[in-house]
Structure formats: structure tokens, C-alpha cells
>>> print(open('work.pdb').read())   # PDB, C-alpha atoms and all ligand atoms
ATOM      1  CA  MET S1444     104.465  91.961  80.393
ATOM      2  CA  LEU S1445     101.067  90.415  79.670
ATOM      3  CA  THR S1446     101.364  86.625  79.343
ATOM      4  CA  PRO S1447      98.881  83.745  79.552
ATOM      5  CA  PRO S1448      97.103  82.248  81.404
ATOM      6  CA  LEU S1449      95.015  85.441  81.272
ATOM      7  CA  LEU S1450      92.108  86.318  83.572
ATOM      8  CA  ILE S1451      89.725  89.026  82.331
ATOM      9  CA  THR S1452      86.884  90.542  84.329
ATOM     10  CA  ALA S1453      84.067  92.332  82.496
ATOM     11  CA  GLY S1454      80.563  93.691  82.861
ATOM     12  CA  PRO S1455      78.741  95.408  85.713
ATOM     13  CA  THR S1456      78.044  94.345  89.272
ATOM     14  CA  PHE S1457      74.532  94.266  90.713
ATOM     15  CA  GLU S1458      74.268  95.037  94.413
ATOM     16  CA  ASP S1459      70.982  93.909  95.952
ATOM     17  CA  ILE S1460      68.766  96.373  97.812
ATOM     18  CA  ASP S1461      66.081  93.752  98.502
ATOM     19  CA  ASP S1462      64.896  90.518  96.857
ATOM     20  CA  VAL S1463      63.744  92.340  93.690
ATOM     21  CA  ARG S1464      65.815  95.547  93.391
ATOM     22  CA  PHE S1465      69.483  96.255  92.905
ATOM     23  CA  LEU S1466      72.020  98.993  92.221
ATOM     24  CA  GLY S1467      73.769  98.415  88.898
ATOM     25  CA  ASN S1468      75.517 100.272  86.093
ATOM     26  CA  ARG S1469      75.421 100.466  82.317
ATOM     27  CA  SER S1470      78.516  98.390  81.520
ATOM     28  CA  SER S1471      77.846  96.003  78.598
ATOM     29  CA  GLY S1472      80.971  93.881  79.089
ATOM     30  CA  ARG S1473      81.643  94.123  75.325
ATOM     31  CA  LEU S1474      85.273  95.191  75.641
ATOM     32  CA  GLY S1475      86.045  92.334  78.043
ATOM     33  CA  LEU S1476      84.414  89.892  75.629
ATOM     34  CA  ALA S1477      86.444  91.333  72.744
ATOM     35  CA  LEU S1478      89.618  90.905  74.820
ATOM     36  CA  ALA S1479      88.708  87.293  75.627
ATOM     37  CA  ARG S1480      88.085  86.565  71.931
ATOM     38  CA  ALA S1481      91.370  88.209  70.908
ATOM     39  CA  ALA S1482      93.313  86.292  73.559
ATOM     40  CA  ALA S1483      91.677  82.972  72.609
ATOM     41  CA  HIS S1484      92.458  83.688  68.955
ATOM     42  CA  ARG S1485      96.146  83.893  69.927
ATOM     43  CA  GLY S1486      95.846  80.472  71.501
ATOM     44  CA  TRP S1487      96.163  81.924  75.012
ATOM     45  CA  GLU S1488      94.633  80.062  77.929
ATOM     46  CA  THR S1489      91.910  82.553  78.899
ATOM     47  CA  THR S1490      89.359  82.859  81.689
ATOM     48  CA  LEU S1491      86.553  85.420  81.476
ATOM     49  CA  ALA S1492      84.739  86.408  84.678
ATOM     50  CA  LEU S1493      81.579  88.074  83.395
ATOM     51  CA  GLY S1494      79.015  90.063  85.336
ATOM     52  CA  PRO S1495      75.242  90.228  84.818
ATOM     53  CA  VAL S1496      75.130  91.588  81.252
ATOM     54  CA  PHE S1497      71.770  91.657  79.499
ATOM     55  CA  ALA S1498      72.845  90.311  76.077
ATOM     56  CA  PRO S1499      73.809  86.616  76.093
ATOM     57  CA  PRO S1500      77.575  86.424  75.532
ATOM     58  CA  LYS S1501      79.169  84.718  72.506
ATOM     59  CA  VAL S1502      82.311  83.315  74.071
ATOM     60  CA  PRO S1503      84.724  81.023  72.160
ATOM     61  CA  SER S1504      84.550  77.455  73.456
ATOM     62  CA  SER S1505      88.211  77.584  74.503
ATOM     63  CA  VAL S1506      87.503  80.446  76.954
ATOM     64  CA  ARG S1507      86.621  79.375  80.468
ATOM     65  CA  LEU S1508      83.550  81.393  81.487
ATOM     66  CA  LEU S1509      82.878  82.263  85.143
ATOM     67  CA  ARG S1510      79.813  84.307  86.115
ATOM     68  CA  PHE S1511      79.349  86.778  88.984
ATOM     69  CA  ARG S1512      76.588  89.113  90.067
ATOM     70  CA  SER S1513      77.886  91.219  92.932
ATOM     71  CA  THR S1514      81.247  92.611  94.030
ATOM     72  CA  ALA S1515      81.299  89.962  96.771
ATOM     73  CA  ASP S1516      80.822  87.181  94.154
ATOM     74  CA  LEU S1517      83.673  88.585  92.045
ATOM     75  CA  GLN S1518      85.882  88.872  95.127
ATOM     76  CA  ARG S1519      85.365  85.141  95.788
ATOM     77  CA  LEU S1520      86.154  84.280  92.135
ATOM     78  CA  LEU S1521      89.340  86.350  92.207
ATOM     79  CA  ASP S1522      90.455  84.787  95.503
ATOM     80  CA  GLU S1523      90.105  81.377  93.906
ATOM     81  CA  HIS S1524      91.312  81.984  90.336
ATOM     82  CA  TRP S1525      93.847  84.882  90.365
ATOM     83  CA  PRO S1526      96.696  82.806  91.884
ATOM     84  CA  ARG S1527      96.451  80.361  88.939
ATOM     85  CA  HIS S1528      96.843  83.063  86.266
ATOM     86  CA  ASN S1529      99.814  85.117  85.093
ATOM     87  CA  SER S1530      97.878  88.219  84.055
ATOM     88  CA  LEU S1531      94.725  90.038  85.127
ATOM     89  CA  VAL S1532      92.836  92.565  83.011
ATOM     90  CA  MET S1533      90.255  94.218  85.239
ATOM     91  CA  ALA S1534      87.712  95.615  82.777
ATOM     92  CA  ALA S1535      84.692  95.029  85.064
ATOM     93  CA  ALA S1536      82.717  98.098  86.136
ATOM     94  CA  ILE S1537      82.679  97.239  89.817
ATOM     95  CA  ALA S1538      80.383  99.179  92.136
ATOM     96  CA  ASP S1539      82.154 101.665  94.383
ATOM     97  CA  TYR S1540      79.263 101.495  96.901
ATOM     98  CA  ARG S1541      76.716  98.848  97.858
ATOM     99  CA  PRO S1542      73.752  98.796 100.267
ATOM    100  CA  ALA S1543      75.063  98.344 103.803
ATOM    101  CA  ASN S1544      72.220  95.857 104.418
ATOM    102  CA  THR S1545      70.186  93.815 101.946
ATOM    103  CA  HIS S1546      66.509  93.739 102.941
ATOM    104  CA  ILE S1547      65.070  90.213 103.020
ATOM    105  CA  GLY S1548      61.838  90.170 101.002
ATOM    106  CA  LYS S1549      60.471  93.239  99.218
ATOM    107  CA  LEU S1550      60.655  96.747 100.619
ATOM    108  CA  ARG S1551      57.173  98.273 100.791
ATOM    109  CA  ARG S1552      56.339 101.698  99.442
ATOM    110  CA  ASP S1553      56.167 104.293 102.196
ATOM    111  CA  ASP S1554      55.074 107.907 101.730
ATOM    112  CA  ALA S1555      57.757 108.949 104.213
ATOM    113  CA  GLY S1556      60.377 107.962 101.615
ATOM    114  CA  LEU S1557      63.387 105.721 101.983
ATOM    115  CA  THR S1558      67.019 106.452 102.719
ATOM    116  CA  LEU S1559      69.521 103.826 101.608
ATOM    117  CA  LYS S1560      72.738 103.519 103.567
ATOM    118  CA  LEU S1561      75.635 102.597 101.270
ATOM    119  CA  GLU S1562      79.040 101.266 102.239
ATOM    120  CA  PRO S1563      82.188 101.332 100.095
ATOM    121  CA  THR S1564      83.037  98.068  98.356
ATOM    122  CA  PRO S1565      86.545  96.629  98.723
ATOM    123  CA  ASP S1566      88.937  97.675  95.952
ATOM    124  CA  LEU S1567      89.410  94.289  94.283
ATOM    125  CA  LEU S1568      91.992  95.533  91.780
ATOM    126  CA  ALA S1569      94.217  96.998  94.499
ATOM    127  CA  ALA S1570      93.891  93.761  96.505
ATOM    128  CA  CYS S1571      94.876  91.581  93.494
ATOM    129  CA  SER S1572      97.772  93.905  92.793
ATOM    130  CA  GLN S1573      98.960  93.791  96.404
ATOM    131  CA  ALA S1574      98.778  89.982  96.385
ATOM    132  CA  LYS S1575     100.598  89.552  93.093
ATOM    133  CA  ARG S1576     103.761  87.559  92.652
ATOM    134  CA  PRO S1577     106.708  89.121  90.749
ATOM    135  CA  ASP S1578     105.783  87.051  87.658
ATOM    136  CA  GLN S1579     102.178  88.310  87.604
ATOM    137  CA  TYR S1580     100.958  91.349  85.623
ATOM    138  CA  VAL S1581      97.949  93.508  86.516
ATOM    139  CA  VAL S1582      96.064  95.863  84.208
ATOM    140  CA  GLY S1583      93.391  98.235  85.528
ATOM    141  CA  PHE S1584      90.903 100.540  83.852
ATOM    142  CA  ALA S1585      89.982 104.109  84.732
ATOM    143  CA  LEU S1586      87.125 106.263  83.528
ATOM    144  CA  GLU S1587      88.237 109.868  83.967
ATOM    145  CA  PRO S1588      87.193 113.365  82.842
ATOM    146  CA  ALA S1589      89.157 114.244  79.668
ATOM    147  CA  ASP S1590      90.829 117.311  81.199
ATOM    148  CA  ARG S1591      92.373 115.269  84.049
ATOM    149  CA  LEU S1592      92.780 111.957  82.222
ATOM    150  CA  LEU S1593      96.554 111.581  82.331
ATOM    151  CA  GLU S1594      97.169 112.854  85.849
ATOM    152  CA  SER S1595      94.272 110.889  87.418
ATOM    153  CA  ALA S1596      95.216 107.673  85.631
ATOM    154  CA  GLN S1597      98.890 108.089  86.541
ATOM    155  CA  ALA S1598      97.935 108.584  90.192
ATOM    156  CA  LYS S1599      95.712 105.465  90.089
ATOM    157  CA  LEU S1600      98.496 103.412  88.456
ATOM    158  CA  ILE S1601     100.820 104.238  91.338
ATOM    159  CA  ARG S1602      98.236 104.134  94.156
ATOM    160  CA  LYS S1603      97.020 100.658  93.159
ATOM    161  CA  GLY S1604     100.503  99.331  92.300
ATOM    162  CA  LEU S1605      99.457  98.356  88.746
ATOM    163  CA  ASP S1606     101.660  97.377  85.811
ATOM    164  CA  ALA S1607      99.407  99.182  83.339
ATOM    165  CA  ILE S1608      96.214 101.203  83.251
ATOM    166  CA  VAL S1609      93.801 101.925  80.399
ATOM    167  CA  ALA S1610      92.266 105.376  80.869
ATOM    168  CA  ASN S1611      89.106 106.238  78.958
ATOM    169  CA  PRO S1612      87.607 109.730  78.893
ATOM    170  CA  LEU S1613      84.244 109.925  80.678
ATOM    171  CA  GLU S1614      82.900 111.790  77.670
ATOM    172  CA  THR S1615      83.150 108.687  75.439
ATOM    173  CA  MET S1616      81.138 106.438  77.767
ATOM    174  CA  ASP S1617      78.691 104.205  75.839
ATOM    175  CA  ALA S1618      80.381 105.069  72.501
ATOM    176  CA  ASP S1619      80.911 102.216  70.020
ATOM    177  CA  GLU S1620      84.499 103.306  69.470
ATOM    178  CA  ILE S1621      87.168 103.507  72.141
ATOM    179  CA  THR S1622      89.545 106.374  72.759
ATOM    180  CA  ALA S1623      92.123 105.690  75.442
ATOM    181  CA  VAL S1624      95.515 106.401  76.895
ATOM    182  CA  VAL S1625      97.466 103.332  77.993
ATOM    183  CA  LEU S1626      99.951 104.002  80.783
ATOM    184  CA  ARG S1627     102.545 101.427  81.752
ATOM    185  CA  THR S1628     104.981 101.635  84.631
ATOM    186  CA  GLY S1629     108.294 102.891  83.306
ATOM    187  CA  GLU S1630     107.156 103.222  79.666
ATOM    188  CA  ASN S1631     105.794 106.016  77.441
ATOM    189  CA  PRO S1632     102.024 106.664  77.389
ATOM    190  CA  ILE S1633     100.297 105.430  74.237
ATOM    191  CA  HIS S1634      97.309 107.341  72.850
ATOM    192  CA  ILE S1635      94.716 105.314  70.959
ATOM    193  CA  GLU S1636      91.998 107.170  69.015
ATOM    194  CA  GLU S1637      88.546 105.864  68.115
ATOM    195  CA  LEU S1638      89.053 102.168  67.463
ATOM    196  CA  SER S1639      86.249  99.595  67.448
ATOM    197  CA  LYS S1640      86.201  97.396  70.570
ATOM    198  CA  ASP S1641      87.536  94.405  68.589
ATOM    199  CA  ALA S1642      90.383  96.451  67.076
ATOM    200  CA  PHE S1643      91.144  98.011  70.464
ATOM    201  CA  ALA S1644      91.297  94.560  72.106
ATOM    202  CA  GLU S1645      93.835  93.379  69.502
ATOM    203  CA  ARG S1646      95.897  96.569  69.905
ATOM    204  CA  LEU S1647      95.904  96.363  73.692
ATOM    205  CA  LEU S1648      97.038  92.738  73.774
ATOM    206  CA  SER S1649      99.823  93.474  71.259
ATOM    207  CA  LEU S1650     100.904  96.559  73.171
ATOM    208  CA  LEU S1651     101.051  94.887  76.575
ATOM    209  CA  SER S1652     102.641  91.631  75.470
ATOM    210  CA  ILE S1653     105.786  93.389  74.257
ATOM    211  CA  THR S1654     107.961  96.041  75.954
ATOM    212  CA  ASP S1655     109.162  99.289  74.347
ATOM    213  CA  SER S1656     112.727  97.973  74.229
ATOM    214  CA  GLN S1657     111.533  94.958  72.171
ATOM    215  CA  ARG S1658     109.632  97.166  69.742
ATOM    216  CA  SER S1659     111.339  98.268  66.538
ATOM    217  CA  PRO S1660     111.786 102.086  66.340
ATOM    218  CA  ALA S1661     109.315 102.185  63.424
ATOM    219  CA  GLY S1662     106.694 100.438  65.533
ATOM    220  CA  ARG S1663     106.869 102.825  68.481
ATOM    221  CA  GLY S1664     103.973 104.964  69.625
TER
HETATM  222  N1  LIG S1701      87.708  98.494  90.809
HETATM  223  C1  LIG S1701      87.871  97.451  91.719
HETATM  224  N2  LIG S1701      87.118  97.422  92.848
HETATM  225  C2  LIG S1701      86.227  98.390  93.114
HETATM  226  C3  LIG S1701      86.059  99.479  92.205
HETATM  227  C4  LIG S1701      86.819  99.492  91.051
HETATM  228  O1  LIG S1701      88.682  96.551  91.478
HETATM  229  N3  LIG S1701      85.508  98.313  94.217
HETATM  230  C5  LIG S1701      88.554  98.504  89.598
HETATM  231  C6  LIG S1701      87.848  98.573  88.261
HETATM  232  O2  LIG S1701      87.610  97.288  87.740
HETATM  233  C7  LIG S1701      88.846  99.333  87.388
HETATM  234  C8  LIG S1701      89.599 100.208  88.396
HETATM  235  O3  LIG S1701      89.332  99.668  89.685
HETATM  236  O4  LIG S1701      89.771  98.456  86.778
HETATM  237  C9  LIG S1701      89.254 101.660  88.403
HETATM  238  O5  LIG S1701      87.951 101.858  88.747
HETATM  239  P1  LIG S1701      87.418 103.330  88.997
HETATM  240  O6  LIG S1701      86.004 103.226  89.441
HETATM  241  O7  LIG S1701      87.767 104.195  87.824
HETATM  242  O8  LIG S1701      88.383 103.814  90.127
HETATM  243  P2  LIG S1701      88.263 103.912  91.663
HETATM  244  O9  LIG S1701      89.371 103.116  92.224
HETATM  245  O10 LIG S1701      86.894 103.548  92.109
HETATM  246  O11 LIG S1701      88.583 105.440  91.902
HETATM  247  P3  LIG S1701      87.671 106.746  91.756
HETATM  248  O12 LIG S1701      86.243 106.340  91.971
HETATM  249  O13 LIG S1701      88.225 107.631  92.809
HETATM  250  O14 LIG S1701      87.931 107.272  90.359
END
>>> encode(input="work.pdb", output="C-alpha cells")
Amino acid sequence: MLTPPLLITAGPTFEDIDDVRFLGNRSSGRLGLALARAAAHRGWETTLALGPVFAPPKVPSSVRLLRFRSTADLQRLLDEHWPRHNSLVMAAAIADYRPANTHIGKLRRDDAGLTLKLEPTPDLLAACSQAKRPDQYVVGFALEPADRLLESAQAKLIRKGLDAIVANPLETMDADEITAVVLRTGENPIHIEELSKDAFAERLLSLLSITDSQRSPAGRG
């Protein structure tokens, strides 16, 4: 069950190619921010590890804000801060690959072209899950094609040893409203249709901080 202190990761990672260029992604970090606001509103001790988002974040003063740029930075933050939290919500869009070598200085244009060698990044979520104590709770995210959403997310839940996973259909990427299936180990899947990020954050925290057996029959689903 999700309990405070809560650690949330959000936003993209930037992986440097040289001193001026990087590989990034389009994550805005807005859902992670909404989760941090909702948790703070409940009076939960909350830490938000936020990647290099372009819009300056409005974070409640009670939320402890940590910043990262690359997967390696986030890995160091998690090593330091995960043991001191009870729950982790891994909403960050972490790169799956990064340049195998970062060029010092600026790569020059060459008519022969340029081939970048990429290496896989470590799976930080799986590592946090493997290192977790019995009293800790880990929630992952998965962006999956709609036609394989449930089976892919279920496989990821088991493979990474998570307590819960939030699966979003690839087709709704960048949408203002969130559609998701929340899978929890040993509990029924919950389908959530087109909620704003703020409403979704509230719903997710409520859902994960109570078990099905504690829910009244009328409140199920
Ligand atoms: N994640 C992570 N470390 C990575 C990549 C992803 O911790 N190097 C986390 C994300 O924060 C997210 C979850 O893993 O919570 C799922 O990310 P996703 O990219 O959907 O899954 P992958 O494990 O990369 O699997 P695949 O690319 O095969 O779908």
C-alpha cells in the first residue's frame, strides 16, 4: 500500500552527445507534479525528483525538490534517497539508451555523416524494486500500444517485481487527459478514462493507499 514518505520521479532525461547536444524526450513532468501536489495536499511528506522540464515547476513549499538531468544523475539520487522513503512512484520518462561516449567539446559537421553508438541505460525502476524492503511500495509506469496494454503491463509488473503499474496507451501520448489501466499485484485491474492530470493524481493516490478488501463494495472498480 502507498504510504508516506513518498518519492516521485518525473520529467525526461537528457543524455549528452557532446557539450551542446543531447538525446531527450517530450515528457513534460506534469503528471509527476500533479502527484506531488496531491500528496502534499494530504499532508504527506513528499520528495519530487524532477528532470529537465522546460516550464518552471510550481511545487508546493512543503515538497522537497531534487533536480536531475541524466539517467546517471537520477540513479545517484535514487541510491541516496530511496532508502529513506516508504513509497516510490516512478513517473519519469527515463531514456532506454544513451550515447556510449560523450564527446568533449562540440562535434564538427562532417559530410561523411555521423553514427552514434548507444548503450542501454540501467533499469532504475527494477533496481529500486529489487532493493526494496518488505515495508516499501513501488509503482511503475508503462506506455504501451492499446491492443497489448494489459498483457504488456502485466508482464512488466511481474518482470520488475512491482507492487503496481500504471499503463497508458501510446495513442494518448501528449493528451491533456489521461486514460490508464492500473494493475496491482493480487488485485483487480482498474480502468480510468479521460481524467485531467490533477484528477488522475488524486484518483491514483486514493486507489493505491487503500486495498480492495478495505474498500466498501459500492466503492469498488
Ligand atoms: N524506467 C527505468 N529505467 C529505465 C527505463 C525506464 O526505471 N532505464 C522506468 C520508467 O520510469 C517507467 C518504467 O520503467 O516507470 C517503464 O518504462 P518503459 O520505457 O515503458 O519500459 P521499459 O522497461 O523500458 O520496457 P520496454 O521499452 O520494453 O517497453
>>> axis_aligned_box(input="work.pdb", around="ligand LIG 1701 (chain S)", padding_each_side="3 Å", output="JSON")
{"center_x": 87.6, "center_y": 102.1, "center_z": 90.5, "size_x": 10.3, "size_y": 17.1, "size_z": 13.4}
>>> resolve_selection(input="work.pdb", expression="the PyMOL selection byres (((chain S and resi 1462-1466) around 9) and not hetatm)", output="PyMOL selection string")
chain S and resi 1456-1461+1467-1468+1538+1540-1542+1545-1550
>>> atom_distance(input="work.pdb", atom1="CA of His1634 (chain S)", atom2="CA of Leu1521 (chain S)")
29.6 Å
>>> residues_near_ligand(input="work.pdb", ligand="ligand LIG 1701 (chain S)", cutoff="8 Å", atoms="all atoms listed in the file", output="PyMOL selection string")
chain S and resi 1452+1514+1532-1540+1563-1570+1582-1587+1595+1599+1608
>>> atom_distance(input="work.pdb", atom1="CA of Gln1518 (chain S)", atom2="CA of Leu1593 (chain S)")
28.2 Å
>>> atom_distance(input="work.pdb", atom1="CA of Tyr1580 (chain S)", atom2="CA of His1484 (chain S)")
20.2 Å
>>> residues_near_point(input="work.pdb", point="(85.6, 111.0, 77.5)", cutoff="10 Å", atoms="only C-alpha atoms", output="JSON, numbers by chain")
{"S": [1586, 1587, 1588, 1589, 1590, 1592, 1610, 1611, 1612, 1613, 1614, 1615, 1616, 1617, 1618, 1621, 1622, 1623]}
>>> resolve_selection(input="work.pdb", expression="the PyMOL selection byres (((chain S and resi 1451) around 8) and not hetatm)", output="VMD selection string")
chain S and resid 1449 to 1450 1452 to 1453 1475 1478 to 1479 1489 to 1492 1531 to 1534
>>> resolve_selection(input="work.pdb", expression="the PyMOL selection byres (((chain S and resi 1543) around 6) and not hetatm)", output="list in words")
Pro1542, Asn1544, Lys1560, Leu1561 and Glu1562 of chain S
>>> residues_around(input="work.pdb", residues="Ile1635 (chain S)", least_positions_apart="3", cutoff="12 Å", atoms="all atoms listed in the file", output="list in words")
Val1609, Ala1610, Asn1611, Pro1612, Glu1620, Ile1621, Thr1622, Ala1623, Val1624, Val1625, Leu1626, Pro1632, Leu1638, Ser1639, Lys1640, Ala1642, Phe1643, Ala1644, Arg1646, Leu1647, Leu1650 and Gly1664 of chain S
>>> residues_near_point(input="work.pdb", point="(78.3, 91.8, 74.6)", cutoff="10 Å", atoms="all atoms listed in the file", output="ChimeraX atom specification")
/S:1453-1454,1470-1477,1496-1502
>>> write_last_selection(input="work.pdb", atoms="C-alpha atoms", output="PDB file, keeping the file's coordinate frame")
ATOM      1  CA  ALA S1453      84.067  92.332  82.496  1.00  0.00           C
ATOM      2  CA  GLY S1454      80.563  93.691  82.861  1.00  0.00           C
ATOM      3  CA  SER S1470      78.516  98.390  81.520  1.00  0.00           C
ATOM      4  CA  SER S1471      77.846  96.003  78.598  1.00  0.00           C
ATOM      5  CA  GLY S1472      80.971  93.881  79.089  1.00  0.00           C
ATOM      6  CA  ARG S1473      81.643  94.123  75.325  1.00  0.00           C
ATOM      7  CA  LEU S1474      85.273  95.191  75.641  1.00  0.00           C
ATOM      8  CA  GLY S1475      86.045  92.334  78.043  1.00  0.00           C
ATOM      9  CA  LEU S1476      84.414  89.892  75.629  1.00  0.00           C
ATOM     10  CA  ALA S1477      86.444  91.333  72.744  1.00  0.00           C
ATOM     11  CA  VAL S1496      75.130  91.588  81.252  1.00  0.00           C
ATOM     12  CA  PHE S1497      71.770  91.657  79.499  1.00  0.00           C
ATOM     13  CA  ALA S1498      72.845  90.311  76.077  1.00  0.00           C
ATOM     14  CA  PRO S1499      73.809  86.616  76.093  1.00  0.00           C
ATOM     15  CA  PRO S1500      77.575  86.424  75.532  1.00  0.00           C
ATOM     16  CA  LYS S1501      79.169  84.718  72.506  1.00  0.00           C
ATOM     17  CA  VAL S1502      82.311  83.315  74.071  1.00  0.00           C
TER      18      VAL S1502
END
>>> decode(input="work.pdb", residues="region 1627-1637 of chain S", atoms="all heavy atoms", output="PDB file, in the first residue's frame")
ATOM      1  N   ARG S1627      -2.420  -3.878  -9.977  1.00  0.00           N
ATOM      2  CA  ARG S1627      -1.759  -4.069  -8.688  1.00  0.00           C
ATOM      3  C   ARG S1627      -1.608  -5.556  -8.441  1.00  0.00           C
ATOM      4  O   ARG S1627      -2.523  -6.322  -8.769  1.00  0.00           O
ATOM      5  CB  ARG S1627      -2.589  -3.437  -7.560  1.00  0.00           C
ATOM      6  CG  ARG S1627      -2.724  -1.935  -7.684  1.00  0.00           C
ATOM      7  CD  ARG S1627      -4.007  -1.444  -7.063  1.00  0.00           C
ATOM      8  NE  ARG S1627      -5.157  -2.099  -7.664  1.00  0.00           N
ATOM      9  CZ  ARG S1627      -6.351  -2.184  -7.100  1.00  0.00           C
ATOM     10  NH1 ARG S1627      -6.540  -1.664  -5.927  1.00  0.00           N
ATOM     11  NH2 ARG S1627      -7.339  -2.794  -7.711  1.00  0.00           N
ATOM     12  N   THR S1628      -0.489  -5.946  -7.850  1.00  0.00           N
ATOM     13  CA  THR S1628      -0.269  -7.360  -7.588  1.00  0.00           C
ATOM     14  C   THR S1628      -1.397  -7.894  -6.707  1.00  0.00           C
ATOM     15  O   THR S1628      -1.689  -7.333  -5.658  1.00  0.00           O
ATOM     16  CB  THR S1628       1.096  -7.549  -6.882  1.00  0.00           C
ATOM     17  OG1 THR S1628       2.076  -6.933  -7.709  1.00  0.00           O
ATOM     18  CG2 THR S1628       1.448  -9.006  -6.712  1.00  0.00           C
ATOM     19  N   GLY S1629      -2.043  -8.933  -7.186  1.00  0.00           N
ATOM     20  CA  GLY S1629      -3.071  -9.604  -6.398  1.00  0.00           C
ATOM     21  C   GLY S1629      -4.409  -8.889  -6.322  1.00  0.00           C
ATOM     22  O   GLY S1629      -5.257  -9.258  -5.520  1.00  0.00           O
ATOM     23  N   GLU S1630      -4.608  -7.819  -7.104  1.00  0.00           N
ATOM     24  CA  GLU S1630      -5.884  -7.091  -7.049  1.00  0.00           C
ATOM     25  C   GLU S1630      -6.450  -6.935  -8.464  1.00  0.00           C
ATOM     26  O   GLU S1630      -5.757  -7.184  -9.452  1.00  0.00           O
ATOM     27  CB  GLU S1630      -5.690  -5.709  -6.428  1.00  0.00           C
ATOM     28  CG  GLU S1630      -4.921  -5.729  -5.122  1.00  0.00           C
ATOM     29  CD  GLU S1630      -5.733  -5.276  -3.920  1.00  0.00           C
ATOM     30  OE1 GLU S1630      -6.970  -5.242  -4.014  1.00  0.00           O
ATOM     31  OE2 GLU S1630      -5.105  -4.957  -2.900  1.00  0.00           O
ATOM     32  N   ASN S1631      -7.708  -6.529  -8.565  1.00  0.00           N
ATOM     33  CA  ASN S1631      -8.351  -6.378  -9.880  1.00  0.00           C
ATOM     34  C   ASN S1631      -7.807  -5.148 -10.619  1.00  0.00           C
ATOM     35  O   ASN S1631      -7.549  -4.131  -9.992  1.00  0.00           O
ATOM     36  CB  ASN S1631      -9.858  -6.185  -9.703  1.00  0.00           C
ATOM     37  CG  ASN S1631     -10.487  -7.372  -8.998  1.00  0.00           C
ATOM     38  OD1 ASN S1631     -10.084  -8.508  -9.212  1.00  0.00           O
ATOM     39  ND2 ASN S1631     -11.447  -7.099  -8.134  1.00  0.00           N
ATOM     40  N   PRO S1632      -7.686  -5.246 -11.964  1.00  0.00           N
ATOM     41  CA  PRO S1632      -7.281  -4.047 -12.718  1.00  0.00           C
ATOM     42  C   PRO S1632      -8.357  -2.965 -12.628  1.00  0.00           C
ATOM     43  O   PRO S1632      -9.543  -3.282 -12.534  1.00  0.00           O
ATOM     44  CB  PRO S1632      -7.171  -4.532 -14.170  1.00  0.00           C
ATOM     45  CG  PRO S1632      -7.345  -5.999 -14.152  1.00  0.00           C
ATOM     46  CD  PRO S1632      -7.921  -6.399 -12.839  1.00  0.00           C
ATOM     47  N   ILE S1633      -7.919  -1.717 -12.600  1.00  0.00           N
ATOM     48  CA  ILE S1633      -8.869  -0.599 -12.557  1.00  0.00           C
ATOM     49  C   ILE S1633      -8.676   0.226 -13.824  1.00  0.00           C
ATOM     50  O   ILE S1633      -7.552   0.633 -14.133  1.00  0.00           O
ATOM     51  CB  ILE S1633      -8.587   0.308 -11.339  1.00  0.00           C
ATOM     52  CG1 ILE S1633      -8.603  -0.491 -10.048  1.00  0.00           C
ATOM     53  CG2 ILE S1633      -9.553   1.489 -11.319  1.00  0.00           C
ATOM     54  CD1 ILE S1633      -9.895  -0.561  -9.324  1.00  0.00           C
ATOM     55  N   HIS S1634      -9.761   0.447 -14.554  1.00  0.00           N
ATOM     56  CA  HIS S1634      -9.699   1.251 -15.779  1.00  0.00           C
ATOM     57  C   HIS S1634     -10.097   2.681 -15.444  1.00  0.00           C
ATOM     58  O   HIS S1634     -11.119   2.910 -14.804  1.00  0.00           O
ATOM     59  CB  HIS S1634     -10.654   0.682 -16.835  1.00  0.00           C
ATOM     60  CG  HIS S1634     -10.236  -0.681 -17.294  1.00  0.00           C
ATOM     61  ND1 HIS S1634      -9.590  -0.894 -18.486  1.00  0.00           N
ATOM     62  CD2 HIS S1634     -10.333  -1.898 -16.697  1.00  0.00           C
ATOM     63  CE1 HIS S1634      -9.325  -2.189 -18.610  1.00  0.00           C
ATOM     64  NE2 HIS S1634      -9.763  -2.824 -17.541  1.00  0.00           N
ATOM     65  N   ILE S1635      -9.291   3.630 -15.887  1.00  0.00           N
ATOM     66  CA  ILE S1635      -9.599   5.043 -15.644  1.00  0.00           C
ATOM     67  C   ILE S1635      -9.643   5.747 -17.004  1.00  0.00           C
ATOM     68  O   ILE S1635      -8.692   5.664 -17.780  1.00  0.00           O
ATOM     69  CB  ILE S1635      -8.533   5.702 -14.734  1.00  0.00           C
ATOM     70  CG1 ILE S1635      -8.502   4.979 -13.381  1.00  0.00           C
ATOM     71  CG2 ILE S1635      -8.819   7.191 -14.566  1.00  0.00           C
ATOM     72  CD1 ILE S1635      -7.424   5.458 -12.440  1.00  0.00           C
ATOM     73  N   GLU S1636     -10.765   6.408 -17.288  1.00  0.00           N
ATOM     74  CA  GLU S1636     -10.980   7.021 -18.610  1.00  0.00           C
ATOM     75  C   GLU S1636     -10.883   8.535 -18.543  1.00  0.00           C
ATOM     76  O   GLU S1636     -11.585   9.169 -17.751  1.00  0.00           O
ATOM     77  CB  GLU S1636     -12.389   6.668 -19.133  1.00  0.00           C
ATOM     78  CG  GLU S1636     -12.613   5.195 -19.416  1.00  0.00           C
ATOM     79  CD  GLU S1636     -11.900   4.706 -20.668  1.00  0.00           C
ATOM     80  OE1 GLU S1636     -11.719   5.520 -21.594  1.00  0.00           O
ATOM     81  OE2 GLU S1636     -11.530   3.526 -20.708  1.00  0.00           O
ATOM     82  N   GLU S1637     -10.038   9.108 -19.364  1.00  0.00           N
ATOM     83  CA  GLU S1637     -10.001  10.540 -19.655  1.00  0.00           C
ATOM     84  C   GLU S1637     -10.235  11.452 -18.453  1.00  0.00           C
ATOM     85  O   GLU S1637     -11.216  12.192 -18.384  1.00  0.00           O
ATOM     86  CB  GLU S1637     -11.026  10.863 -20.763  1.00  0.00           C
ATOM     87  CG  GLU S1637     -10.634  10.191 -22.058  1.00  0.00           C
ATOM     88  CD  GLU S1637     -11.497  10.601 -23.236  1.00  0.00           C
ATOM     89  OE1 GLU S1637     -12.358  11.482 -23.075  1.00  0.00           O
ATOM     90  OE2 GLU S1637     -11.291  10.044 -24.316  1.00  0.00           O
TER      91      GLU S1637
END
